[in-house]
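Peer 1: Sharing a structure with you now.
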Amino acid sequence: MEEYVRDYAMYASVFGLFGMSWFGWAQEKPRESWRVWLGIAAGAALLVCLAGVYLSIANWDAPSALNETNAYRDYLIAFYAELALAGIGSWLLYRAKKPSFVAPWIALVVGAHLISLKSVFDDPALHILAAVMIAVAFAAVPLARKLNVASSAMTGIGCGTILLGFAALGLIRFWMAA
């Protein structure tokens, strides 16, 4: 990835926000002893998000990969495709009376969406993020059954953790490139 420092700040912002969201979703039916840690993790993700928001605004005029020819269009196509697949799949899972598969489905769709964003941002690290989110999607249901928790708890913990890690990595990459 060319040194697009604003994009690194946006990584911190966006991945921090969604990491916090996943930690929130993990609160559906975790083990009782996990709740305080999920709250702390959500708070940490929020702090990283807010740092990313501040740095994004402070560097708004800096170059972004989205300024490249067709990049923003490709980003929007990937985003709307992700939104449609996540929504339709969730609706079908609810209709099939399989709501426990919704969180893993969303993680799978988000992971697949991140694969397409590698070319938009020219950042191979997004393939790693995608692979881990897809792995979480497949591991969540059997692991949740084994631990007797909701699959959303396992999906949320896995996706929240990896997104918080990539949000923090965004801050580190920002500071190294700035």
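The way I read the labels, and the way they are meant: chains A, B, ... in the order of the structure tokens, residue 1 as the first residue of every chain, and ligand 1 as the first ligand shown, with later ones counted on from there.
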For Ser21 of chain A, find every residue with an atom within 9 Å (counting only C-alpha atoms), except residues of its own chain fewer than 6 positions away, and show them as a ChimeraX atom specification.
Peer 2: /A:42,45,156,160
Peer 1: I need the residues from that last selection saved to file as a compact mmCIF listing (two decimals), in the first residue's frame (with N, CA, C and O atoms), if you can.
Peer 2:
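File written: part.txt
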# COMPACT_ATOMS: atom_id res chain seq x y z
N ALA A 42 -14.75 -3.79 24.37
CA ALA A 42 -15.57 -2.84 23.59
C ALA A 42 -15.11 -1.41 23.86
O ALA A 42 -15.02 -0.59 22.93
N ALA A 45 -11.89 -0.81 22.00
CA ALA A 45 -12.17 -0.63 20.57
C ALA A 45 -12.73 0.76 20.31
O ALA A 45 -12.37 1.40 19.31
N GLY A 156 -18.64 -12.91 17.98
CA GLY A 156 -18.35 -11.54 18.43
C GLY A 156 -16.98 -11.42 19.07
O GLY A 156 -16.25 -10.45 18.82
N GLY A 160 -14.46 -9.35 17.02
CA GLY A 160 -14.12 -8.15 17.79
C GLY A 160 -12.63 -8.08 18.06
O GLY A 160 -12.00 -7.03 17.92
Peer 1: Please, what distance in Å, to one decimal, runs between atom CA of Leu38 of chain A and atom CA of Phe23 of chain A?
Peer 2: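 Result for atom CA of Leu38 of chain A versus atom CA of Phe23 of chain A: 5.8 Å, one decimal.
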Peer 1: Which neighbours of segment 74-86 of chain A fall inside 12 Å, counting only C-alpha atoms, when residues of the same chain fewer than 2 positions from it are skipped, and could you give them as a ChimeraX atom specification?
Peer 2: /A:65-72,88-93,101-122
Peer 1: Excluding same-chain residues fewer than 5 positions from Ala58 of chain A, what lies within 10 Å of it counting only C-alpha atoms, as a list of chain:residue names?
Peer 2: A:Arg6, A:Ala9, A:Gly52, A:Val53
Peer 1: Name the closest residue to Gly165 of chain A among the candidates A:Pro30, A:Gly16, A:Ser100, A:Tyr8; distances are taken between atoms, counting only C-alpha atoms.
Peer 2: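 Counting only C-alpha atoms, the residue closest to Gly165 of chain A is A:Gly16.
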Peer 1: Rounded to one decimal, what separation in Å do you get between atom CA of Gly24 of chain A and atom CA of Pro124 of chain A?
Peer 2: 28.0 Å
Peer 1: For the structure I just gave you, how does DSSP split segment 60-93 of chain A - specifically, which residues are helix (DSSP H, G or I)? Reply as a VMD selection string.
Peer 2: chain A and resid 65 to 67 71 to 93
Peer 1: Can you work out the spacing between atom CA of Glu3 of chain A and atom CA of Val136 of chain A in Å, to one decimal?
Peer 2: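 Atom CA of Val136 of chain A lies at a distance of 29.8 Å from atom CA of Glu3 of chain A.
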Peer 1: Could you give me, as JSON, numbers by chain, the residues within 8 Å of segment 59-61 of chain A, counting only C-alpha atoms and dropping anything in the same chain fewer than 3 positions from it?
Peer 2: {"A": [5, 6, 55, 56]}
Peer 1: Write out, as a CSV table (one decimal), in the first residue's frame, the residues just selected, with all heavy atoms.
Peer 2:
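The new file again34.csv reads:
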chain,number,residue,atom,x,y,z
A,5,VAL,N,-1.6,7.7,4.6
A,5,VAL,CA,-1.8,7.8,6.1
A,5,VAL,C,-3.2,8.0,6.5
A,5,VAL,O,-3.6,7.5,7.5
A,5,VAL,CB,-0.9,8.9,6.7
A,5,VAL,CG1,0.6,8.6,6.5
A,5,VAL,CG2,-1.2,10.3,6.2
A,6,ARG,N,-4.0,8.7,5.7
A,6,ARG,CA,-5.4,8.9,6.1
A,6,ARG,C,-6.1,7.6,6.1
A,6,ARG,O,-7.0,7.3,6.9
A,6,ARG,CB,-6.1,9.9,5.1
A,6,ARG,CG,-7.5,10.2,5.6
A,6,ARG,CD,-8.1,11.2,4.7
A,6,ARG,NE,-8.9,10.5,3.7
A,6,ARG,CZ,-9.4,11.0,2.6
A,6,ARG,NH1,-9.3,12.3,2.4
A,6,ARG,NH2,-10.1,10.3,1.7
A,55,LEU,N,-7.7,11.4,14.0
A,55,LEU,CA,-6.6,11.5,13.0
A,55,LEU,C,-7.1,11.5,11.6
A,55,LEU,O,-6.4,12.2,10.8
A,55,LEU,CB,-5.7,10.2,13.2
A,55,LEU,CG,-4.9,10.2,14.5
A,55,LEU,CD1,-4.2,8.8,14.7
A,55,LEU,CD2,-3.9,11.3,14.6
A,56,SER,N,-8.2,10.9,11.3
A,56,SER,CA,-8.8,11.0,10.0
A,56,SER,C,-9.2,12.4,9.7
A,56,SER,O,-8.9,13.0,8.6
A,56,SER,CB,-10.0,10.1,9.9
A,56,SER,OG,-9.6,8.8,10.0
Peer 1: Of the candidates A:Ala62, A:Leu17, A:Ala26, A:Val48, which shows the shortest atom-to-atom distance to Ile172 of chain A, using only C-alpha atoms?
Peer 2: A:Val48
Peer 1: Give me the residues within 7 Å of Ala153 of chain A as a PDB file with N, CA and C atoms, in the first residue's frame, counting only C-alpha atoms and dropping any in the same chain fewer than 2 places off.
Peer 2:
ATOM      1  N   TRP A  25     -22.217  -7.516  20.279  1.00  0.00           N
ATOM      2  CA  TRP A  25     -23.017  -8.659  19.848  1.00  0.00           C
ATOM      3  C   TRP A  25     -22.638  -9.905  20.649  1.00  0.00           C
ATOM      4  N   ALA A  26     -21.375  -9.988  21.068  1.00  0.00           N
ATOM      5  CA  ALA A  26     -20.913 -11.122  21.858  1.00  0.00           C
ATOM      6  C   ALA A  26     -21.605 -11.194  23.214  1.00  0.00           C
ATOM      7  N   GLN A  27     -22.273 -10.124  23.614  1.00  0.00           N
ATOM      8  CA  GLN A  27     -22.962 -10.084  24.904  1.00  0.00           C
ATOM      9  C   GLN A  27     -24.277 -10.861  24.902  1.00  0.00           C
ATOM     10  N   GLU A  28     -24.656 -11.428  23.755  1.00  0.00           N
ATOM     11  CA  GLU A  28     -25.951 -12.117  23.677  1.00  0.00           C
ATOM     12  C   GLU A  28     -26.075 -13.231  24.718  1.00  0.00           C
ATOM     13  N   LYS A  29     -25.150 -14.147  24.750  1.00  0.00           N
ATOM     14  CA  LYS A  29     -25.209 -15.223  25.748  1.00  0.00           C
ATOM     15  C   LYS A  29     -23.804 -15.798  25.960  1.00  0.00           C
ATOM     16  N   PRO A  30     -22.916 -14.964  26.506  1.00  0.00           N
ATOM     17  CA  PRO A  30     -21.589 -15.485  26.818  1.00  0.00           C
ATOM     18  C   PRO A  30     -21.606 -16.107  28.217  1.00  0.00           C
ATOM     19  N   VAL A 149     -22.430 -21.643  24.838  1.00  0.00           N
ATOM     20  CA  VAL A 149     -22.706 -20.212  24.732  1.00  0.00           C
ATOM     21  C   VAL A 149     -23.338 -19.959  23.364  1.00  0.00           C
ATOM     22  N   ALA A 150     -23.844 -18.771  23.166  1.00  0.00           N
ATOM     23  CA  ALA A 150     -24.426 -18.428  21.864  1.00  0.00           C
ATOM     24  C   ALA A 150     -23.328 -18.346  20.804  1.00  0.00           C
ATOM     25  N   SER A 151     -23.673 -18.724  19.584  1.00  0.00           N
ATOM     26  CA  SER A 151     -22.686 -18.606  18.502  1.00  0.00           C
ATOM     27  C   SER A 151     -22.306 -17.150  18.274  1.00  0.00           C
ATOM     28  N   THR A 155     -18.597 -15.682  17.824  1.00  0.00           N
ATOM     29  CA  THR A 155     -18.337 -14.877  16.626  1.00  0.00           C
ATOM     30  C   THR A 155     -17.921 -13.470  17.034  1.00  0.00           C
ATOM     31  N   GLY A 156     -18.644 -12.906  17.982  1.00  0.00           N
ATOM     32  CA  GLY A 156     -18.349 -11.545  18.430  1.00  0.00           C
ATOM     33  C   GLY A 156     -16.984 -11.423  19.067  1.00  0.00           C
ATOM     34  N   ILE A 157     -16.623 -12.395  19.888  1.00  0.00           N
ATOM     35  CA  ILE A 157     -15.296 -12.366  20.524  1.00  0.00           C
ATOM     36  C   ILE A 157     -14.208 -12.490  19.460  1.00  0.00           C
TER      37      ILE A 157
END
